[in-house]
Every structure is written in structure tokens, then in C-alpha cells.
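Data file: data15.cif. Format and content: mmCIF, C-alpha atoms.
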data_structure
#
loop_
_atom_site.group_PDB
_atom_site.id
_atom_site.type_symbol
_atom_site.label_atom_id
_atom_site.label_comp_id
_atom_site.auth_asym_id
_atom_site.auth_seq_id
_atom_site.Cartn_x
_atom_site.Cartn_y
_atom_site.Cartn_z
ATOM 1 C CA GLU R 1191 16.234 6.802 93.299
ATOM 2 C CA ALA R 1192 18.226 6.969 90.064
ATOM 3 C CA ARG R 1193 20.624 9.890 89.810
ATOM 4 C CA ILE R 1194 22.310 11.638 86.905
ATOM 5 C CA GLY R 1195 25.054 9.399 85.519
ATOM 6 C CA ASP R 1196 23.560 6.090 86.746
ATOM 7 C CA ILE R 1197 23.314 3.284 84.180
ATOM 8 C CA VAL R 1198 20.153 1.179 84.190
ATOM 9 C CA GLY R 1199 20.813 -2.267 82.774
ATOM 10 C CA SER R 1200 23.954 -3.311 80.910
ATOM 11 C CA ALA R 1201 26.742 -0.769 80.445
ATOM 12 C CA GLU R 1202 27.690 -2.300 77.098
ATOM 13 C CA GLY R 1203 27.200 0.102 74.262
ATOM 14 C CA VAL R 1204 26.880 3.114 76.550
ATOM 15 C CA PRO R 1205 29.076 5.890 75.117
ATOM 16 C CA GLY R 1206 31.709 7.671 77.162
ATOM 17 C CA GLU R 1207 30.673 10.076 79.879
ATOM 18 C CA ALA R 1208 28.683 12.926 78.398
ATOM 19 C CA ARG R 1209 29.978 16.424 79.001
ATOM 20 C CA LEU R 1210 27.329 17.879 81.280
ATOM 21 C CA ALA R 1211 26.897 21.596 81.810
ATOM 22 C CA VAL R 1212 29.205 22.774 84.609
ATOM 23 C CA PRO R 1213 27.737 24.988 87.368
ATOM 24 C CA LEU R 1214 29.871 28.131 87.468
ATOM 25 C CA LEU R 1215 27.772 30.253 89.831
ATOM 26 C CA THR R 1216 26.634 29.924 93.429
ATOM 27 C CA VAL R 1217 23.529 31.553 94.910
ATOM 28 C CA GLN R 1218 22.062 31.818 98.388
ATOM 29 C CA ALA R 1219 18.433 30.887 99.010
ATOM 30 C CA LYS R 1220 16.388 33.531 100.837
ATOM 31 C CA TRP R 1221 12.982 33.278 102.530
ATOM 32 C CA THR R 1222 10.777 35.425 104.733
ATOM 33 C CA ASP R 1223 8.749 32.777 106.572
ATOM 34 C CA GLU R 1224 11.226 31.452 109.144
ATOM 35 C CA SER R 1225 8.801 28.690 110.170
ATOM 36 C CA ARG R 1226 9.389 27.016 106.761
ATOM 37 C CA TYR R 1227 13.168 26.767 107.274
ATOM 38 C CA HIS R 1228 13.274 22.984 107.812
ATOM 39 C CA ALA R 1229 10.864 22.397 104.936
ATOM 40 C CA ILE R 1230 13.134 24.452 102.673
ATOM 41 C CA VAL R 1231 16.189 22.432 103.744
ATOM 42 C CA THR R 1232 14.323 19.187 103.022
ATOM 43 C CA ALA R 1233 13.126 20.384 99.614
ATOM 44 C CA LEU R 1234 16.561 21.543 98.457
ATOM 45 C CA ARG R 1235 18.105 18.300 99.706
ATOM 46 C CA GLU R 1236 15.579 16.334 97.646
ATOM 47 C CA LEU R 1237 16.300 18.407 94.537
ATOM 48 C CA THR R 1238 20.049 17.932 95.069
ATOM 49 C CA GLU R 1239 19.579 14.160 95.239
ATOM 50 C CA GLU R 1240 17.885 14.355 91.848
ATOM 51 C CA ASP R 1241 20.500 16.738 90.406
ATOM 52 C CA PRO R 1242 23.808 16.387 92.324
ATOM 53 C CA GLN R 1243 25.272 19.340 90.432
ATOM 54 C CA LEU R 1244 23.188 21.660 92.617
ATOM 55 C CA ASP R 1245 25.675 20.668 95.350
ATOM 56 C CA LEU R 1246 23.604 22.051 98.235
ATOM 57 C CA GLN R 1247 25.702 23.617 100.988
ATOM 58 C CA TRP R 1248 23.792 23.750 104.253
ATOM 59 C CA LEU R 1249 25.516 26.023 106.754
ATOM 60 C CA GLN R 1250 23.625 25.091 109.900
ATOM 61 C CA GLU R 1251 25.378 27.548 112.223
ATOM 62 C CA GLN R 1252 24.683 30.498 109.897
ATOM 63 C CA ARG R 1253 21.277 29.082 108.828
ATOM 64 C CA GLU R 1254 22.268 29.596 105.194
ATOM 65 C CA LEU R 1255 21.559 27.492 102.114
ATOM 66 C CA HIS R 1256 23.660 27.804 98.943
ATOM 67 C CA VAL R 1257 23.311 25.960 95.634
ATOM 68 C CA LYS R 1258 25.367 25.903 92.441
ATOM 69 C CA VAL R 1259 23.699 26.923 89.189
ATOM 70 C CA MET R 1260 24.568 27.516 85.549
ATOM 71 C CA GLY R 1261 22.769 30.817 85.041
ATOM 72 C CA PRO R 1262 19.712 33.030 85.594
ATOM 73 C CA VAL R 1263 17.335 30.698 83.746
ATOM 74 C CA GLN R 1264 18.081 27.823 86.125
ATOM 75 C CA ILE R 1265 17.479 30.134 89.091
ATOM 76 C CA GLU R 1266 14.025 30.974 87.716
ATOM 77 C CA VAL R 1267 13.261 27.288 87.155
ATOM 78 C CA LEU R 1268 14.343 26.414 90.700
ATOM 79 C CA SER R 1269 12.064 29.078 92.164
ATOM 80 C CA GLN R 1270 9.107 27.787 90.122
ATOM 81 C CA VAL R 1271 9.761 24.135 91.049
ATOM 82 C CA LEU R 1272 10.003 24.979 94.754
ATOM 83 C CA LYS R 1273 6.669 26.809 94.520
ATOM 84 C CA SER R 1274 4.720 24.331 92.388
ATOM 85 C CA ARG R 1275 6.091 21.114 93.909
ATOM 86 C CA PHE R 1276 6.739 22.079 97.539
ATOM 87 C CA ASP R 1277 4.561 25.209 97.947
ATOM 88 C CA LEU R 1278 7.602 27.200 99.094
ATOM 89 C CA ASP R 1279 8.233 30.849 98.285
ATOM 90 C CA ILE R 1280 12.001 31.200 97.890
ATOM 91 C CA GLU R 1281 14.075 33.889 96.284
ATOM 92 C CA PHE R 1282 17.739 33.618 95.408
ATOM 93 C CA GLY R 1283 20.413 36.240 95.970
ATOM 94 C CA ALA R 1284 22.727 37.669 93.357
ATOM 95 C CA PRO R 1285 24.888 34.939 91.780
ATOM 96 C CA SER R 1286 28.591 34.755 92.600
ATOM 97 C CA VAL R 1287 31.232 33.211 90.351
ATOM 98 C CA ILE R 1288 32.767 29.939 91.552
ATOM 99 C CA TYR R 1289 36.537 30.357 91.553
ATOM 100 C CA LYS R 1290 39.125 27.686 92.341
ATOM 101 C CA GLU R 1291 42.651 27.659 93.733
ATOM 102 C CA THR R 1292 45.823 25.837 92.723
ATOM 103 C CA PRO R 1293 49.320 25.679 94.300
ATOM 104 C CA ALA R 1294 51.656 28.471 93.207
ATOM 105 C CA GLU R 1295 54.750 26.239 93.399
ATOM 106 C CA THR R 1296 56.124 23.020 94.896
ATOM 107 C CA GLY R 1297 56.602 22.781 98.634
ATOM 108 C CA GLU R 1298 55.874 20.810 101.796
ATOM 109 C CA GLY R 1299 53.366 20.847 104.600
ATOM 110 C CA PHE R 1300 54.100 19.383 108.036
ATOM 111 C CA ILE R 1301 52.110 18.681 111.169
ATOM 112 C CA ALA R 1302 53.122 17.032 114.433
ATOM 113 C CA TYR R 1303 49.866 16.582 116.304
ATOM 114 C CA THR R 1304 51.122 15.272 119.642
ATOM 115 C CA MET R 1305 49.403 17.545 122.146
ATOM 116 C CA PRO R 1306 47.146 17.616 124.103
ATOM 117 C CA LYS R 1307 47.417 13.927 124.967
ATOM 118 C CA PRO R 1308 46.199 11.370 124.182
ATOM 119 C CA CYS R 1309 47.061 11.874 120.505
ATOM 120 C CA TRP R 1310 49.921 11.229 118.094
ATOM 121 C CA ALA R 1311 49.880 11.884 114.358
ATOM 122 C CA ILE R 1312 52.870 13.116 112.381
ATOM 123 C CA LEU R 1313 52.509 13.852 108.661
ATOM 124 C CA ARG R 1314 54.618 15.471 105.968
ATOM 125 C CA PHE R 1315 53.119 16.177 102.539
ATOM 126 C CA ARG R 1316 54.771 17.232 99.304
ATOM 127 C CA ILE R 1317 52.439 19.470 97.311
ATOM 128 C CA GLU R 1318 53.063 20.130 93.612
ATOM 129 C CA PRO R 1319 51.119 22.019 90.924
ATOM 130 C CA GLY R 1320 49.479 19.784 88.320
ATOM 131 C CA GLU R 1321 48.401 20.300 84.743
ATOM 132 C CA ARG R 1322 45.321 22.438 84.267
ATOM 133 C CA GLY R 1323 42.227 20.291 84.443
ATOM 134 C CA SER R 1324 44.025 17.358 86.102
ATOM 135 C CA GLY R 1325 42.186 17.624 89.428
ATOM 136 C CA LEU R 1326 43.775 15.951 92.462
ATOM 137 C CA HIS R 1327 46.288 13.129 92.373
ATOM 138 C CA TYR R 1328 47.212 11.625 95.765
ATOM 139 C CA GLU R 1329 49.671 8.903 96.717
ATOM 140 C CA SER R 1330 51.574 7.706 99.769
ATOM 141 C CA LEU R 1331 55.276 6.794 99.872
ATOM 142 C CA GLU R 1332 55.338 5.936 103.580
ATOM 143 C CA ARG R 1333 55.932 2.370 104.761
ATOM 144 C CA THR R 1334 53.188 0.615 106.719
ATOM 145 C CA GLU R 1335 55.740 -0.166 109.446
ATOM 146 C CA ARG R 1336 55.846 3.538 110.331
ATOM 147 C CA LEU R 1337 52.223 4.349 109.545
ATOM 148 C CA LEU R 1338 49.640 1.579 109.620
ATOM 149 C CA GLU R 1339 47.635 0.973 106.458
ATOM 150 C CA SER R 1340 44.389 1.848 108.266
ATOM 151 C CA TYR R 1341 45.834 5.242 109.205
ATOM 152 C CA GLN R 1342 47.119 5.793 105.678
ATOM 153 C CA ASN R 1343 43.635 5.056 104.352
ATOM 154 C CA GLU R 1344 42.228 7.670 106.724
ATOM 155 C CA VAL R 1345 44.722 10.247 105.413
ATOM 156 C CA ALA R 1346 43.831 9.404 101.800
ATOM 157 C CA ARG R 1347 40.150 9.869 102.625
ATOM 158 C CA ARG R 1348 40.700 13.213 104.344
ATOM 159 C CA VAL R 1349 42.970 14.910 101.780
ATOM 160 C CA PRO R 1350 40.140 15.653 99.282
ATOM 161 C CA GLU R 1351 38.010 16.993 102.150
ATOM 162 C CA ALA R 1352 40.862 19.248 103.290
ATOM 163 C CA LEU R 1353 41.149 20.700 99.782
ATOM 164 C CA GLN R 1354 37.498 21.774 99.605
ATOM 165 C CA GLN R 1355 38.528 25.122 101.107
ATOM 166 C CA GLY R 1356 41.889 26.693 100.317
ATOM 167 C CA LEU R 1357 43.490 29.920 101.479
ATOM 168 C CA PHE R 1358 40.735 32.007 99.851
ATOM 169 C CA GLY R 1359 37.901 29.604 100.710
ATOM 170 C CA TRP R 1360 37.633 27.982 97.242
ATOM 171 C CA GLU R 1361 38.234 24.358 96.224
ATOM 172 C CA VAL R 1362 41.915 23.582 95.544
ATOM 173 C CA THR R 1363 42.488 21.642 92.329
ATOM 174 C CA ASP R 1364 45.067 20.661 89.709
ATOM 175 C CA LEU R 1365 47.702 19.409 92.135
ATOM 176 C CA ARG R 1366 49.619 16.361 93.272
ATOM 177 C CA VAL R 1367 49.742 15.593 97.004
ATOM 178 C CA THR R 1368 52.233 12.968 98.212
ATOM 179 C CA LEU R 1369 52.525 11.657 101.754
ATOM 180 C CA VAL R 1370 56.316 11.448 102.169
ATOM 181 C CA GLU R 1371 56.457 10.947 105.939
ATOM 182 C CA GLY R 1372 54.024 9.624 108.519
ATOM 183 C CA GLU R 1373 54.211 8.264 112.018
ATOM 184 C CA HIS R 1374 51.815 6.834 114.581
ATOM 185 C CA HIS R 1375 52.355 5.884 118.229
ATOM 186 C CA VAL R 1376 51.531 2.439 119.556
ATOM 187 C CA TRP R 1377 49.935 3.792 122.738
ATOM 188 C CA HIS R 1378 48.925 7.391 122.113
ATOM 189 C CA THR R 1379 47.459 7.330 118.582
ATOM 190 C CA HIS R 1380 43.686 7.368 118.156
ATOM 191 C CA PRO R 1381 42.269 6.581 114.673
ATOM 192 C CA LEU R 1382 40.652 10.030 114.455
ATOM 193 C CA ASP R 1383 43.996 11.753 115.061
ATOM 194 C CA PHE R 1384 44.743 11.567 111.341
ATOM 195 C CA ALA R 1385 41.321 12.992 110.455
ATOM 196 C CA LEU R 1386 42.394 15.998 112.503
ATOM 197 C CA ALA R 1387 46.031 16.153 111.421
ATOM 198 C CA THR R 1388 45.488 15.837 107.659
ATOM 199 C CA PRO R 1389 43.770 19.222 107.078
ATOM 200 C CA MET R 1390 46.320 20.932 109.328
ATOM 201 C CA GLY R 1391 49.209 19.439 107.352
ATOM 202 C CA VAL R 1392 47.674 20.201 103.953
ATOM 203 C CA MET R 1393 46.799 23.796 104.865
ATOM 204 C CA ASP R 1394 50.259 24.306 106.350
ATOM 205 C CA GLY R 1395 51.713 23.379 102.956
ATOM 206 C CA LEU R 1396 49.378 25.658 100.995
ATOM 207 C CA ASN R 1397 50.138 28.520 103.375
ATOM 208 C CA ARG R 1398 53.866 28.054 102.857
ATOM 209 C CA ILE R 1399 53.845 27.902 99.058
ATOM 210 C CA GLY R 1400 50.830 30.114 98.319
ATOM 211 C CA VAL R 1401 48.058 29.581 95.790
ATOM 212 C CA LYS R 1402 46.917 31.035 92.492
ATOM 213 C CA LEU R 1403 43.314 31.941 91.822
ATOM 214 C CA LEU R 1404 41.614 30.206 88.885
ATOM 215 C CA GLU R 1405 38.594 31.707 87.129
ATOM 216 C CA PRO R 1406 36.082 29.938 84.840
ATOM 217 C CA LEU R 1407 35.927 30.783 81.136
ATOM 218 C CA LEU R 1408 33.120 30.276 78.625
ATOM 219 C CA ALA R 1409 33.610 29.315 74.995
ATOM 220 C CA PHE R 1410 31.269 31.428 72.881
ATOM 221 C CA LYS R 1411 29.940 31.558 69.342
ATOM 222 C CA ILE R 1412 28.396 34.783 68.098
ATOM 223 C CA SER R 1413 26.605 35.596 64.866
ATOM 224 C CA VAL R 1414 25.494 39.215 64.318
ATOM 225 C CA PRO R 1415 24.647 41.496 61.404
ATOM 226 C CA GLU R 1416 27.899 42.942 60.073
ATOM 227 C CA GLU R 1417 27.003 46.507 61.125
ATOM 228 C CA HIS R 1418 26.985 45.426 64.788
ATOM 229 C CA GLY R 1419 30.303 43.576 64.583
ATOM 230 C CA GLY R 1420 32.582 46.424 65.662
ATOM 231 C CA LYS R 1421 30.464 47.260 68.711
ATOM 232 C CA ILE R 1422 30.362 43.599 69.791
ATOM 233 C CA MET R 1423 34.138 43.167 69.409
ATOM 234 C CA ASN R 1424 34.784 46.277 71.525
ATOM 235 C CA GLU R 1425 32.437 44.877 74.157
ATOM 236 C CA LEU R 1426 34.261 41.529 74.170
ATOM 237 C CA ILE R 1427 37.646 43.252 74.582
ATOM 238 C CA ALA R 1428 36.298 45.297 77.515
ATOM 239 C CA MET R 1429 35.238 42.039 79.200
ATOM 240 C CA ARG R 1430 38.751 40.545 78.793
ATOM 241 C CA GLY R 1431 37.448 38.288 76.052
ATOM 242 C CA GLU R 1432 39.650 36.722 73.403
ATOM 243 C CA PHE R 1433 38.492 35.723 69.945
ATOM 244 C CA ASP R 1434 39.698 34.548 66.564
ATOM 245 C CA ALA R 1435 39.616 36.681 63.438
ATOM 246 C CA PRO R 1436 35.962 37.368 62.522
ATOM 247 C CA GLN R 1437 34.422 35.410 59.659
ATOM 248 C CA LEU R 1438 31.991 37.008 57.221
ATOM 249 C CA ARG R 1439 29.038 34.898 56.084
ATOM 250 C CA GLY R 1440 27.043 37.007 53.657
ATOM 251 C CA GLU R 1441 25.823 40.019 55.614
ATOM 252 C CA ARG R 1442 26.615 38.478 58.997
ATOM 253 C CA MET R 1443 29.785 38.330 61.085
ATOM 254 C CA GLU R 1444 30.696 35.262 63.134
ATOM 255 C CA LEU R 1445 33.004 35.293 66.163
ATOM 256 C CA THR R 1446 34.340 32.452 68.306
ATOM 257 C CA GLY R 1447 36.485 32.743 71.398
ATOM 258 C CA LYS R 1448 36.592 32.638 75.211
ATOM 259 C CA LEU R 1449 35.194 34.956 77.831
ATOM 260 C CA PRO R 1450 35.591 35.129 81.647
ATOM 261 C CA VAL R 1451 32.374 34.337 83.477
ATOM 262 C CA ALA R 1452 33.002 37.089 86.038
ATOM 263 C CA THR R 1453 32.996 39.908 83.478
ATOM 264 C CA SER R 1454 30.106 38.613 81.365
ATOM 265 C CA LEU R 1455 27.305 37.796 83.821
ATOM 266 C CA ASP R 1456 24.956 40.350 82.270
ATOM 267 C CA PHE R 1457 26.279 40.085 78.714
ATOM 268 C CA PRO R 1458 23.488 37.819 77.357
ATOM 269 C CA ALA R 1459 20.873 40.365 78.453
ATOM 270 C CA ARG R 1460 22.804 43.284 76.953
ATOM 271 C CA PHE R 1461 23.616 41.334 73.801
ATOM 272 C CA GLY R 1462 19.961 41.249 72.738
ATOM 273 C CA SER R 1463 19.532 45.004 72.959
ATOM 274 C CA MET R 1464 22.926 45.709 71.359
ATOM 275 C CA THR R 1465 21.988 43.673 68.284
ATOM 276 C CA LYS R 1466 18.294 44.685 68.315
ATOM 277 C CA GLY R 1467 17.337 41.044 68.698
ATOM 278 C CA ARG R 1468 19.127 39.974 65.507
ATOM 279 C CA GLY R 1469 22.177 38.402 67.153
ATOM 280 C CA ILE R 1470 22.766 34.757 68.064
ATOM 281 C CA LEU R 1471 24.873 33.894 71.129
ATOM 282 C CA SER R 1472 25.712 30.428 72.431
ATOM 283 C CA THR R 1473 28.105 29.583 75.269
ATOM 284 C CA THR R 1474 29.548 26.449 76.868
ATOM 285 C CA PHE R 1475 32.015 25.930 79.692
ATOM 286 C CA ALA R 1476 35.590 26.060 78.371
ATOM 287 C CA GLU R 1477 38.092 25.789 81.216
ATOM 288 C CA TYR R 1478 39.474 27.205 84.418
ATOM 289 C CA ARG R 1479 42.462 29.492 83.882
ATOM 290 C CA GLU R 1480 44.753 31.512 86.117
ATOM 291 C CA SER R 1481 43.169 34.859 86.964
ATOM 292 C CA PRO R 1482 44.953 38.151 86.256
ATOM 293 C CA PRO R 1483 46.906 39.500 89.280
ATOM 294 C CA ASP R 1484 44.391 42.295 89.872
ATOM 295 C CA VAL R 1485 41.449 39.872 90.262
ATOM 296 C CA LYS R 1486 40.696 39.182 93.935
ATOM 297 C CA ALA R 1487 37.992 36.798 95.116
ATOM 298 C CA GLU R 1488 37.561 35.342 98.590
ATOM 299 C CA ARG R 1489 34.618 33.694 100.297
ATOM 300 C CA PRO R 1490 33.951 33.116 104.006
ATOM 301 C CA ARG R 1491 35.318 29.867 105.395
ATOM 302 C CA ARG R 1492 32.934 27.299 106.797
ATOM 303 C CA GLY R 1493 34.066 26.101 110.195
ATOM 304 C CA VAL R 1494 37.422 26.842 111.816
ATOM 305 C CA ASN R 1495 40.527 27.335 109.675
ATOM 306 C CA PRO R 1496 43.050 24.477 110.217
ATOM 307 C CA LEU R 1497 45.819 27.124 110.113
ATOM 308 C CA ASP R 1498 44.564 28.237 113.536
ATOM 309 C CA GLN R 1499 45.716 24.910 114.901
ATOM 310 C CA SER R 1500 44.909 25.347 118.604
ATOM 311 C CA ARG R 1501 41.360 26.486 117.889
ATOM 312 C CA PHE R 1502 40.907 23.890 115.129
ATOM 313 C CA ILE R 1503 41.874 21.065 117.513
ATOM 314 C CA LEU R 1504 39.359 22.273 120.090
ATOM 315 C CA TYR R 1505 36.727 22.645 117.361
ATOM 316 C CA MET R 1506 37.290 19.122 116.047
ATOM 317 C CA ARG R 1507 37.295 17.706 119.576
ATOM 318 C CA LYS R 1508 34.004 19.539 120.176
ATOM 319 C CA ALA R 1509 35.625 21.416 123.047
ATOM 320 C CA LEU R 1510 35.380 24.908 121.567
ATOM 321 C CA ALA R 1511 33.120 27.159 123.601
ATOM 322 C CA GLN R 1512 30.123 28.374 121.616
ATOM 323 C CA SER R 1513 29.902 32.151 121.366
#

How would this structure read if it were set down as C-alpha cells?
Amino acid sequence: EARIGDIVGSAEGVPGEARLAVPLLTVQAKWTDESRYHAIVTALRELTEEDPQLDLQWLQEQRELHVKVMGPVQIEVLSQVLKSRFDLDIEFGAPSVIYKETPAETGEGFIAYTMPKPCWAILRFRIEPGERGSGLHYESLERTERLLESYQNEVARRVPEALQQGLFGWEVTDLRVTLVEGEHHVWHTHPLDFALATPMGVMDGLNRIGVKLLEPLLAFKISVPEEHGGKIMNELIAMRGEFDAPQLRGERMELTGKLPVATSLDFPARFGSMTKGRGILSTTFAEYRESPPDVKAERPRRGVNPLDQSRFILYMRKALAQS
């Protein structure tokens, strides 16, 4: 049951973590034979155990399955593996770019979860933007006299979960979250109160300060015959690409730069015809960067939004009537 990244034997001499390809697209699995639904879930779960970067999202209520991929070739391979290994006929929908969110400024989020009894969980978070690529940094400044260590551990465990879906439904990253105030009640607090209060407090803070959308960029290297260079550069500019001054190597032009994933999904296919098969294109993940103001991207939220606090409490307490 070894997984990607596991070390078999001694770790001595193993080089630093290799930079693996980063999935930048998400696709939905589609099937026509509804009787194979559970078999499909099982198969995709097994493949995700072997390659965690697939990051299977199983939306049971909507009966939807989504996986993360790196491009069209991987989608084709997945379809073939599911057919040859599991005898399952599965198609995948059009790929969507995986965006992320980050706080727009520094601010606070607050929640006093004290009703309906019995419950008592009070939390105040300070949320600050972090450096690009820094991920999440969490710490607590509250004393254990006011908030027991076990409750603080529960908050620390729930903060990353709460940030899996931001205001636009994307993962929130590159931020610092600090618990600056917390309080439990000797009689009324239940351990799960802080599992419920944490996402409400975090989302309250994000809603107050707002978020910025981050889009993924690819680093590219292009080599084309010189006569195609002008056409390729115009194409890159139209896709919001940026590149260094072109370099001439004999009769060929070389370009290096960065390109948004969202504007270049079909570029590799068009590149071949534009260069009559004589061009060379290679890409790797570069970074996530703040999207231009005119770029809008939102995806449906899974579950109930913690900003709708009354409904979220009922949902988490399993008291929300099923429609």
C-alpha cells in the first residue's frame, strides 16, 4: 500500500522532496450505466489511494465524482485504465481550471456560538495575507485557562478544513490565521462545539475583509522556426502571456515566459498546426498569481455555507430537514 512520497527503507541519502507535477484542472466523471455507480466510486477511490494528487471529491448528495488532473493526456489515460483494469466505461467532462483564494487585507472573524443550548464556543481570529506560495500558517495566542488545550487542538484541526472552501468555493491559501480570543464554558461546552464554531468564525473573517482570486500560471519554453515567431508572440500576448526577449538560434526562435492556464487550455493543440508540426513546446507549473479584476470564477459550495449560521448549525447537528 505504498503511496507517492513514501520512503521504503532508510531515509539517509534521499534527496529533498521532488517537485511533482501540480494538478491545475478538475474534471467530473460521467457514466450512463447507473447500476455501476458504486463500482465507479470504488475504482476512483482505489486510483486516488495510488495517486493522491487525483484528490477524488465524492459528492454523495449530488451523486457527482470529481478528480484533479494535469491535462488532456491524463484524462485519456484515466479513461483507459478504468476500462482495462475495472471494465468501466467512463467519460470525463470539460476540464475546469483550479483557482484559489487569498485574503484581500488584514481583519478579524468572530463567532459566539452560545445558542441553542447546550453549547458554548467563543472564538476570535485575526486573518492576515501571507507571502505568495506560503500556504497556511496557524497559531494560538489564547491561554489554556480560558480555552482548554483539548479545545484549542480541535480549533487547530478545523481551521485547514474551514479554508477548503472560501467565498467563491475555492481553497483559501497564503494566509496567517491567529486565534486571539477563545472561551469555553464549564457546564455548557461540548467538545464538538469548536468543530462547529471554527468554520463560522473563519468565514466571518473572510466575509468581512474579502478575498482575491488567484489563478495558476505555467512556465513555458518554445522553439519555433523564425518565420513563425511573430505569429506565436501575438498568440501569447492575446492569452495574457508574458515572455522575455526572443533568442535566435540559427534559423529558430526561442521564447521563455509564463502563461495563464485559463487562457491556454487549447494552446498545445493549436500550437502544432500553427507551426506545421515544427515547433517544440514544453510547460511546467510556475505559480499562483492574483487574477486580473475582470476574471471571475466561482464554483458551487459543497454542503451548507457557514455564513448562513442558523442553517449551518442545524446542518452540522443533523437537524436540517432534507428537501

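The two atoms in question, CA of Phe1502 (chain R) and CA of Gly1391 (chain R), are spaced 12.2 Å apart.
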
Reference answer for the PyMOL selection byres ((chain R and resi 1496) around 10), as a PyMOL selection string
chain R and resi 1352+1386-1394+1493-1495+1497-1503+1505-1506

Can you turn the PyMOL selection byres ((chain R and resi 1348) around 9) into a concrete residue list for this file, as an MDAnalysis selection string?
chainID R and resid 1343:1347 1349:1353 1384:1386 1388:1389

Name the residues captured by the PyMOL selection byres ((chain R and resi 1464) around 12) when it is applied to the shown file; answer as an MDAnalysis selection string.
chainID R and resid 1414:1415 1417:1425 1457:1463 1465:1471

At a cut-off of 9 Å, using all atoms listed in the file, what residues contact His1327 (chain R)? Leave out same-chain residues fewer than 2 positions from it and give the result as a PDB file with C-alpha atoms, keeping the file's coordinate frame.
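Now in selection07.pdb:
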ATOM      1  CA  GLY R1320      49.479  19.784  88.320  1.00  0.00           C
ATOM      2  CA  SER R1324      44.025  17.358  86.102  1.00  0.00           C
ATOM      3  CA  GLY R1325      42.186  17.624  89.428  1.00  0.00           C
ATOM      4  CA  GLU R1329      49.671   8.903  96.717  1.00  0.00           C
ATOM      5  CA  ASP R1364      45.067  20.661  89.709  1.00  0.00           C
ATOM      6  CA  LEU R1365      47.702  19.409  92.135  1.00  0.00           C
ATOM      7  CA  ARG R1366      49.619  16.361  93.272  1.00  0.00           C
ATOM      8  CA  VAL R1367      49.742  15.593  97.004  1.00  0.00           C
ATOM      9  CA  THR R1368      52.233  12.968  98.212  1.00  0.00           C
TER      10      THR R1368
END

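Proximity of R:Leu1382, R:Leu1438, R:Leu1255, R:Ala1311 to Ile1412 (chain R), computed with only C-alpha atoms, is greatest for R:Leu1438.
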
Who sits within 12 Å of Arg1492 (chain R), only C-alpha atoms, same chain under 6 positions skipped, as a ChimeraX atom specification:
/R:1247-1254,1352,1354-1356,1358-1360

What separation in Å, quoted to one decimal, exists between CA of Gly1447 (chain R) and CA of Gly1431 (chain R)?
7.3 Å

Return the single residue from R:Val1212, R:Leu1246, R:Ala1302, R:Leu1234 that is closest to Lys1273 (chain R), with distances computed using only C-alpha atoms.
R:Leu1234

Residues near Lys1307 (chain R), cut-off 12 Å, all atoms listed in the file, skip fewer than 4 positions along chain, as a list in words
Tyr1303, Ala1311, His1375, Trp1377, His1378, Thr1379, His1380, Asp1383 and Ile1503 of chain R
